[in-house]
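Notes to accompany the following structure.
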Amino acid sequence: HIVPILVSDPVRCKALSDTLLAEHGIYVQPINYPTVPRGAERLRITPAPQHTDGMIDKLVVALEQSWQSIPG
């Protein structure tokens, strides 16, 4: 399954992805135009069976911190 997180800004989408990787060690793929229409930029999360509840909790905290730290 793919879980999209709508960002709606290509610069912020890439910055969120970069911050999650650099500061939290979590890779989340940014999806920008032309894959999606302009204004529909998103992060694509692909959970898998090997992801534990702890990993998911870490992702939620990292997303919240990154979202608040990047203007947009």
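Lettering and numbering for the structure tokens are positional, with chains as A, B, ... in the shown order, residues counted from 1 in each chain, and ligands counted from 1 in the shown order.
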Please return, as an mmCIF file with all heavy atoms, in the first residue's frame, all residues of chain A that DSSP assigns to helix (DSSP H, G or I) on the basis of the backbone.
data_model
loop_
_atom_site.group_PDB
_atom_site.id
_atom_site.type_symbol
_atom_site.label_atom_id
_atom_site.label_comp_id
_atom_site.auth_asym_id
_atom_site.auth_seq_id
_atom_site.Cartn_x
_atom_site.Cartn_y
_atom_site.Cartn_z
ATOM 1 N N PRO A 10 6.149 22.001 -4.212
ATOM 2 C CA PRO A 10 7.267 21.161 -4.622
ATOM 3 C C PRO A 10 8.543 21.400 -3.818
ATOM 4 O O PRO A 10 9.265 20.453 -3.505
ATOM 5 C CB PRO A 10 7.477 21.508 -6.095
ATOM 6 C CG PRO A 10 6.848 22.840 -6.272
ATOM 7 C CD PRO A 10 5.725 22.912 -5.276
ATOM 8 N N VAL A 11 8.818 22.642 -3.477
ATOM 9 C CA VAL A 11 10.034 22.952 -2.718
ATOM 10 C C VAL A 11 9.934 22.383 -1.309
ATOM 11 O O VAL A 11 10.863 21.753 -0.807
ATOM 12 C CB VAL A 11 10.282 24.481 -2.695
ATOM 13 C CG1 VAL A 11 11.448 24.833 -1.801
ATOM 14 C CG2 VAL A 11 10.506 24.994 -4.113
ATOM 15 N N ARG A 12 8.791 22.585 -0.684
ATOM 16 C CA ARG A 12 8.599 22.062 0.678
ATOM 17 C C ARG A 12 8.595 20.534 0.674
ATOM 18 O O ARG A 12 9.124 19.902 1.588
ATOM 19 C CB ARG A 12 7.292 22.592 1.264
ATOM 20 C CG ARG A 12 7.147 22.269 2.731
ATOM 21 C CD ARG A 12 5.946 22.947 3.329
ATOM 22 N NE ARG A 12 6.038 22.889 4.780
ATOM 23 C CZ ARG A 12 4.992 22.817 5.575
ATOM 24 N NH1 ARG A 12 3.775 22.839 5.068
ATOM 25 N NH2 ARG A 12 5.148 22.760 6.879
ATOM 26 N N CYS A 13 8.011 19.930 -0.337
ATOM 27 C CA CYS A 13 7.960 18.474 -0.431
ATOM 28 C C CYS A 13 9.376 17.888 -0.442
ATOM 29 O O CYS A 13 9.685 16.964 0.311
ATOM 30 C CB CYS A 13 7.185 18.077 -1.681
ATOM 31 S SG CYS A 13 6.787 16.328 -1.792
ATOM 32 N N LYS A 14 10.235 18.457 -1.293
ATOM 33 C CA LYS A 14 11.626 17.990 -1.364
ATOM 34 C C LYS A 14 12.363 18.268 -0.065
ATOM 35 O O LYS A 14 13.124 17.428 0.427
ATOM 36 C CB LYS A 14 12.328 18.659 -2.552
ATOM 37 C CG LYS A 14 13.785 18.286 -2.710
ATOM 38 C CD LYS A 14 13.949 16.868 -3.187
ATOM 39 C CE LYS A 14 15.373 16.615 -3.644
ATOM 40 N NZ LYS A 14 16.135 15.815 -2.717
ATOM 41 N N ALA A 15 12.133 19.436 0.526
ATOM 42 C CA ALA A 15 12.792 19.789 1.785
ATOM 43 C C ALA A 15 12.369 18.847 2.906
ATOM 44 O O ALA A 15 13.199 18.437 3.732
ATOM 45 C CB ALA A 15 12.477 21.232 2.157
ATOM 46 N N LEU A 16 11.100 18.484 2.950
ATOM 47 C CA LEU A 16 10.634 17.536 3.969
ATOM 48 C C LEU A 16 11.313 16.184 3.793
ATOM 49 O O LEU A 16 11.790 15.588 4.764
ATOM 50 C CB LEU A 16 9.118 17.375 3.899
ATOM 51 C CG LEU A 16 8.301 18.519 4.468
ATOM 52 C CD1 LEU A 16 6.847 18.418 4.009
ATOM 53 C CD2 LEU A 16 8.383 18.534 5.986
ATOM 54 N N SER A 17 11.371 15.712 2.562
ATOM 55 C CA SER A 17 12.027 14.434 2.294
ATOM 56 C C SER A 17 13.495 14.480 2.699
ATOM 57 O O SER A 17 14.002 13.564 3.357
ATOM 58 C CB SER A 17 11.895 14.094 0.811
ATOM 59 O OG SER A 17 12.586 12.911 0.506
ATOM 60 N N ASP A 18 14.186 15.567 2.323
ATOM 61 C CA ASP A 18 15.605 15.712 2.660
ATOM 62 C C ASP A 18 15.819 15.774 4.170
ATOM 63 O O ASP A 18 16.751 15.161 4.699
ATOM 64 C CB ASP A 18 16.179 16.972 2.011
ATOM 65 C CG ASP A 18 16.276 16.867 0.500
ATOM 66 O OD1 ASP A 18 16.145 15.747 -0.040
ATOM 67 O OD2 ASP A 18 16.466 17.925 -0.140
ATOM 68 N N THR A 19 14.959 16.506 4.871
ATOM 69 C CA THR A 19 15.081 16.642 6.326
ATOM 70 C C THR A 19 14.821 15.321 7.034
ATOM 71 O O THR A 19 15.545 14.967 7.974
ATOM 72 C CB THR A 19 14.100 17.724 6.844
ATOM 73 O OG1 THR A 19 14.432 18.961 6.224
ATOM 74 C CG2 THR A 19 14.172 17.867 8.351
ATOM 75 N N LEU A 20 13.817 14.601 6.588
ATOM 76 C CA LEU A 20 13.526 13.307 7.207
ATOM 77 C C LEU A 20 14.730 12.369 7.081
ATOM 78 O O LEU A 20 15.066 11.659 8.031
ATOM 79 C CB LEU A 20 12.287 12.672 6.576
ATOM 80 C CG LEU A 20 10.963 13.307 6.971
ATOM 81 C CD1 LEU A 20 9.845 12.836 6.048
ATOM 82 C CD2 LEU A 20 10.626 12.986 8.421
ATOM 83 N N LEU A 21 15.389 12.389 5.932
ATOM 84 C CA LEU A 21 16.541 11.518 5.739
ATOM 85 C C LEU A 21 17.755 12.017 6.532
ATOM 86 O O LEU A 21 18.384 11.239 7.258
ATOM 87 C CB LEU A 21 16.884 11.414 4.251
ATOM 88 C CG LEU A 21 18.008 10.450 3.894
ATOM 89 C CD1 LEU A 21 17.701 9.032 4.382
ATOM 90 C CD2 LEU A 21 18.243 10.455 2.401
ATOM 91 N N ALA A 22 18.061 13.291 6.412
ATOM 92 C CA ALA A 22 19.272 13.835 7.046
ATOM 93 C C ALA A 22 19.198 13.855 8.566
ATOM 94 O O ALA A 22 20.181 13.548 9.246
ATOM 95 C CB ALA A 22 19.529 15.247 6.523
ATOM 96 N N GLU A 23 18.047 14.219 9.104
ATOM 97 C CA GLU A 23 17.939 14.408 10.554
ATOM 98 C C GLU A 23 17.373 13.207 11.301
ATOM 99 O O GLU A 23 17.568 13.087 12.505
ATOM 100 C CB GLU A 23 17.103 15.653 10.855
ATOM 101 C CG GLU A 23 17.774 16.928 10.374
ATOM 102 C CD GLU A 23 16.972 18.178 10.701
ATOM 103 O OE1 GLU A 23 16.021 18.100 11.503
ATOM 104 O OE2 GLU A 23 17.313 19.236 10.137
ATOM 105 N N HIS A 24 16.650 12.340 10.584
ATOM 106 C CA HIS A 24 15.980 11.234 11.268
ATOM 107 C C HIS A 24 16.317 9.863 10.683
ATOM 108 O O HIS A 24 15.882 8.840 11.217
ATOM 109 C CB HIS A 24 14.460 11.442 11.237
ATOM 110 C CG HIS A 24 14.023 12.728 11.855
ATOM 111 N ND1 HIS A 24 13.888 12.891 13.217
ATOM 112 C CD2 HIS A 24 13.720 13.929 11.304
ATOM 113 C CE1 HIS A 24 13.498 14.125 13.475
ATOM 114 N NE2 HIS A 24 13.392 14.779 12.328
ATOM 115 N N ASP A 53 5.725 -1.172 15.121
ATOM 116 C CA ASP A 53 4.975 -0.061 15.702
ATOM 117 C C ASP A 53 5.929 1.047 16.142
ATOM 118 O O ASP A 53 5.630 2.230 15.991
ATOM 119 C CB ASP A 53 4.133 -0.530 16.893
ATOM 120 C CG ASP A 53 2.954 -1.394 16.471
ATOM 121 O OD1 ASP A 53 2.593 -1.396 15.266
ATOM 122 O OD2 ASP A 53 2.384 -2.068 17.345
ATOM 123 N N GLY A 54 7.086 0.672 16.669
ATOM 124 C CA GLY A 54 8.080 1.658 17.083
ATOM 125 C C GLY A 54 8.591 2.486 15.914
ATOM 126 O O GLY A 54 8.795 3.696 16.045
ATOM 127 N N MET A 55 8.804 1.846 14.777
ATOM 128 C CA MET A 55 9.251 2.566 13.585
ATOM 129 C C MET A 55 8.180 3.554 13.108
ATOM 130 O O MET A 55 8.497 4.677 12.703
ATOM 131 C CB MET A 55 9.576 1.585 12.458
ATOM 132 C CG MET A 55 10.791 0.735 12.684
ATOM 133 S SD MET A 55 10.857 -0.513 11.375
ATOM 134 C CE MET A 55 12.574 -0.980 11.475
ATOM 135 N N ILE A 56 6.945 3.116 13.161
ATOM 136 C CA ILE A 56 5.839 3.979 12.746
ATOM 137 C C ILE A 56 5.719 5.171 13.689
ATOM 138 O O ILE A 56 5.531 6.312 13.252
ATOM 139 C CB ILE A 56 4.528 3.174 12.652
ATOM 140 C CG1 ILE A 56 4.646 2.145 11.519
ATOM 141 C CG2 ILE A 56 3.329 4.100 12.439
ATOM 142 C CD1 ILE A 56 3.566 1.096 11.498
ATOM 143 N N ASP A 57 5.860 4.920 14.985
ATOM 144 C CA ASP A 57 5.826 6.016 15.962
ATOM 145 C C ASP A 57 6.953 7.006 15.702
ATOM 146 O O ASP A 57 6.753 8.225 15.769
ATOM 147 C CB ASP A 57 5.919 5.474 17.389
ATOM 148 C CG ASP A 57 4.685 4.696 17.811
ATOM 149 O OD1 ASP A 57 3.620 4.845 17.165
ATOM 150 O OD2 ASP A 57 4.794 3.923 18.788
ATOM 151 N N LYS A 58 8.148 6.505 15.388
ATOM 152 C CA LYS A 58 9.286 7.363 15.089
ATOM 153 C C LYS A 58 9.005 8.211 13.849
ATOM 154 O O LYS A 58 9.325 9.411 13.811
ATOM 155 C CB LYS A 58 10.545 6.511 14.869
ATOM 156 C CG LYS A 58 11.775 7.322 14.523
ATOM 157 C CD LYS A 58 12.987 6.436 14.274
ATOM 158 C CE LYS A 58 14.159 7.286 13.791
ATOM 159 N NZ LYS A 58 15.323 6.508 13.438
ATOM 160 N N LEU A 59 8.393 7.619 12.842
ATOM 161 C CA LEU A 59 8.042 8.353 11.630
ATOM 162 C C LEU A 59 7.064 9.477 11.935
ATOM 163 O O LEU A 59 7.230 10.602 11.458
ATOM 164 C CB LEU A 59 7.444 7.416 10.582
ATOM 165 C CG LEU A 59 6.833 8.094 9.357
ATOM 166 C CD1 LEU A 59 7.897 8.849 8.555
ATOM 167 C CD2 LEU A 59 6.116 7.084 8.487
ATOM 168 N N VAL A 60 6.068 9.203 12.741
ATOM 169 C CA VAL A 60 5.067 10.217 13.078
ATOM 170 C C VAL A 60 5.725 11.403 13.775
ATOM 171 O O VAL A 60 5.482 12.563 13.431
ATOM 172 C CB VAL A 60 3.930 9.614 13.934
ATOM 173 C CG1 VAL A 60 3.022 10.702 14.492
ATOM 174 C CG2 VAL A 60 3.127 8.613 13.126
ATOM 175 N N VAL A 61 6.588 11.137 14.733
ATOM 176 C CA VAL A 61 7.285 12.205 15.459
ATOM 177 C C VAL A 61 8.195 12.982 14.497
ATOM 178 O O VAL A 61 8.216 14.215 14.501
ATOM 179 C CB VAL A 61 8.083 11.632 16.649
ATOM 180 C CG1 VAL A 61 9.004 12.673 17.255
ATOM 181 C CG2 VAL A 61 7.132 11.083 17.697
ATOM 182 N N ALA A 62 8.931 12.265 13.654
ATOM 183 C CA ALA A 62 9.837 12.910 12.707
ATOM 184 C C ALA A 62 9.062 13.772 11.709
ATOM 185 O O ALA A 62 9.493 14.883 11.384
ATOM 186 C CB ALA A 62 10.656 11.850 11.971
ATOM 187 N N LEU A 63 7.931 13.287 11.227
ATOM 188 C CA LEU A 63 7.104 14.076 10.315
ATOM 189 C C LEU A 63 6.612 15.348 10.988
ATOM 190 O O LEU A 63 6.661 16.431 10.398
ATOM 191 C CB LEU A 63 5.907 13.253 9.839
ATOM 192 C CG LEU A 63 6.135 12.334 8.658
ATOM 193 C CD1 LEU A 63 4.944 11.394 8.493
ATOM 194 C CD2 LEU A 63 6.345 13.148 7.397
ATOM 195 N N GLU A 64 6.145 15.228 12.204
ATOM 196 C CA GLU A 64 5.642 16.395 12.925
ATOM 197 C C GLU A 64 6.756 17.440 13.122
ATOM 198 O O GLU A 64 6.561 18.623 12.854
ATOM 199 C CB GLU A 64 5.062 15.985 14.263
ATOM 200 C CG GLU A 64 4.457 17.151 15.034
ATOM 201 C CD GLU A 64 3.801 16.724 16.320
ATOM 202 O OE1 GLU A 64 4.245 15.745 16.951
ATOM 203 O OE2 GLU A 64 2.847 17.407 16.713
ATOM 204 N N GLN A 65 7.922 16.995 13.557
ATOM 205 C CA GLN A 65 9.034 17.908 13.771
ATOM 206 C C GLN A 65 9.485 18.560 12.460
ATOM 207 O O GLN A 65 9.713 19.767 12.393
ATOM 208 C CB GLN A 65 10.214 17.182 14.419
ATOM 209 C CG GLN A 65 9.972 16.792 15.841
ATOM 210 C CD GLN A 65 11.090 15.913 16.404
ATOM 211 O OE1 GLN A 65 12.026 15.534 15.709
ATOM 212 N NE2 GLN A 65 10.978 15.580 17.685
ATOM 213 N N SER A 66 9.587 17.767 11.416
ATOM 214 C CA SER A 66 10.026 18.292 10.122
ATOM 215 C C SER A 66 8.988 19.250 9.543
ATOM 216 O O SER A 66 9.337 20.308 9.012
ATOM 217 C CB SER A 66 10.271 17.131 9.141
ATOM 218 O OG SER A 66 11.278 16.287 9.636
ATOM 219 N N TRP A 67 7.729 18.905 9.653
ATOM 220 C CA TRP A 67 6.648 19.735 9.119
ATOM 221 C C TRP A 67 6.682 21.120 9.774
ATOM 222 O O TRP A 67 6.515 22.130 9.109
ATOM 223 C CB TRP A 67 5.313 19.053 9.358
ATOM 224 C CG TRP A 67 4.211 19.619 8.509
ATOM 225 C CD1 TRP A 67 3.438 20.705 8.799
ATOM 226 C CD2 TRP A 67 3.770 19.142 7.245
ATOM 227 N NE1 TRP A 67 2.539 20.923 7.797
ATOM 228 C CE2 TRP A 67 2.717 19.979 6.832
ATOM 229 C CE3 TRP A 67 4.159 18.077 6.439
ATOM 230 C CZ2 TRP A 67 2.044 19.793 5.623
ATOM 231 C CZ3 TRP A 67 3.476 17.903 5.252
ATOM 232 C CH2 TRP A 67 2.431 18.748 4.847
ATOM 233 N N GLN A 68 6.916 21.139 11.090
ATOM 234 C CA GLN A 68 6.928 22.405 11.808
ATOM 235 C C GLN A 68 8.192 23.218 11.523
ATOM 236 O O GLN A 68 8.181 24.446 11.612
ATOM 237 C CB GLN A 68 6.796 22.154 13.313
ATOM 238 C CG GLN A 68 5.432 21.633 13.698
ATOM 239 C CD GLN A 68 5.334 21.277 15.171
ATOM 240 O OE1 GLN A 68 6.254 21.480 15.936
ATOM 241 N NE2 GLN A 68 4.192 20.735 15.558
ATOM 242 N N SER A 69 9.282 22.556 11.178
ATOM 243 C CA SER A 69 10.551 23.253 10.990
ATOM 244 C C SER A 69 10.739 23.824 9.587
ATOM 245 O O SER A 69 11.606 24.663 9.381
ATOM 246 C CB SER A 69 11.730 22.325 11.320
ATOM 247 O OG SER A 69 11.859 21.340 10.322
#
Who sits within 12 Å of Ala40 in chain A, only C-alpha atoms, same chain under 6 positions skipped, as an mmCIF file with N, CA and C atoms, in the first residue's frame:
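Output below, filename part.cif:
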data_model
loop_
_atom_site.group_PDB
_atom_site.id
_atom_site.type_symbol
_atom_site.label_atom_id
_atom_site.label_comp_id
_atom_site.auth_asym_id
_atom_site.auth_seq_id
_atom_site.Cartn_x
_atom_site.Cartn_y
_atom_site.Cartn_z
ATOM 1 N N PRO A 4 -0.217 8.461 0.873
ATOM 2 C CA PRO A 4 0.244 9.782 0.452
ATOM 3 C C PRO A 4 0.020 10.818 1.565
ATOM 4 N N ILE A 5 0.963 11.746 1.675
ATOM 5 C CA ILE A 5 0.807 12.888 2.573
ATOM 6 C C ILE A 5 0.874 14.125 1.687
ATOM 7 N N LEU A 6 -0.257 14.772 1.504
ATOM 8 C CA LEU A 6 -0.336 15.916 0.615
ATOM 9 C C LEU A 6 0.444 17.091 1.187
ATOM 10 N N VAL A 7 1.353 17.637 0.378
ATOM 11 C CA VAL A 7 2.175 18.777 0.777
ATOM 12 C C VAL A 7 1.778 20.016 -0.035
ATOM 13 N N SER A 8 1.488 19.851 -1.308
ATOM 14 C CA SER A 8 1.010 20.905 -2.208
ATOM 15 C C SER A 8 2.027 22.004 -2.498
ATOM 16 N N ASP A 9 3.303 21.697 -2.340
ATOM 17 C CA ASP A 9 4.363 22.662 -2.655
ATOM 18 C C ASP A 9 5.618 21.859 -2.990
ATOM 19 N N PRO A 10 6.149 22.001 -4.212
ATOM 20 C CA PRO A 10 7.267 21.161 -4.622
ATOM 21 C C PRO A 10 8.543 21.400 -3.818
ATOM 22 N N ARG A 12 8.791 22.585 -0.684
ATOM 23 C CA ARG A 12 8.599 22.062 0.678
ATOM 24 C C ARG A 12 8.595 20.534 0.674
ATOM 25 N N CYS A 13 8.011 19.930 -0.337
ATOM 26 C CA CYS A 13 7.960 18.474 -0.431
ATOM 27 C C CYS A 13 9.376 17.888 -0.442
ATOM 28 N N PRO A 30 9.664 11.953 -2.185
ATOM 29 C CA PRO A 30 8.851 13.099 -2.600
ATOM 30 C C PRO A 30 8.295 12.846 -4.003
ATOM 31 N N ILE A 31 7.053 13.172 -4.206
ATOM 32 C CA ILE A 31 6.424 12.999 -5.514
ATOM 33 C C ILE A 31 6.006 14.388 -6.005
ATOM 34 N N ASN A 32 6.631 14.826 -7.077
ATOM 35 C CA ASN A 32 6.398 16.149 -7.639
ATOM 36 C C ASN A 32 5.986 16.042 -9.103
ATOM 37 N N TYR A 33 5.618 17.179 -9.686
ATOM 38 C CA TYR A 33 5.309 17.263 -11.102
ATOM 39 C C TYR A 33 6.500 16.744 -11.911
ATOM 40 N N PRO A 34 6.325 15.957 -12.945
ATOM 41 C CA PRO A 34 5.116 15.643 -13.676
ATOM 42 C C PRO A 34 4.407 14.368 -13.228
#
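Between CA of Pro47 in chain A and CA of Ile2 in chain A lies a distance of 7.1 Å.
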- Just asking: which residues within range 1-71 of chain A are strand (DSSP E or B) according to DSSP, as JSON, numbers by chain? {"A": [3, 4, 5, 6, 29, 30, 31, 42, 43, 44, 45]}
- Message: Between CA of Pro49 in chain A and CA of Gly25 in chain A, what distance in Å does the model show, to one decimal?
- Response: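 Computed distance, CA of Pro49 in chain A to CA of Gly25 in chain A, equals 19.0 Å.
CA of Ile45 in chain A to CA of Tyr27 in chain A spans 8.8 Å [interatomic distance, one decimal].
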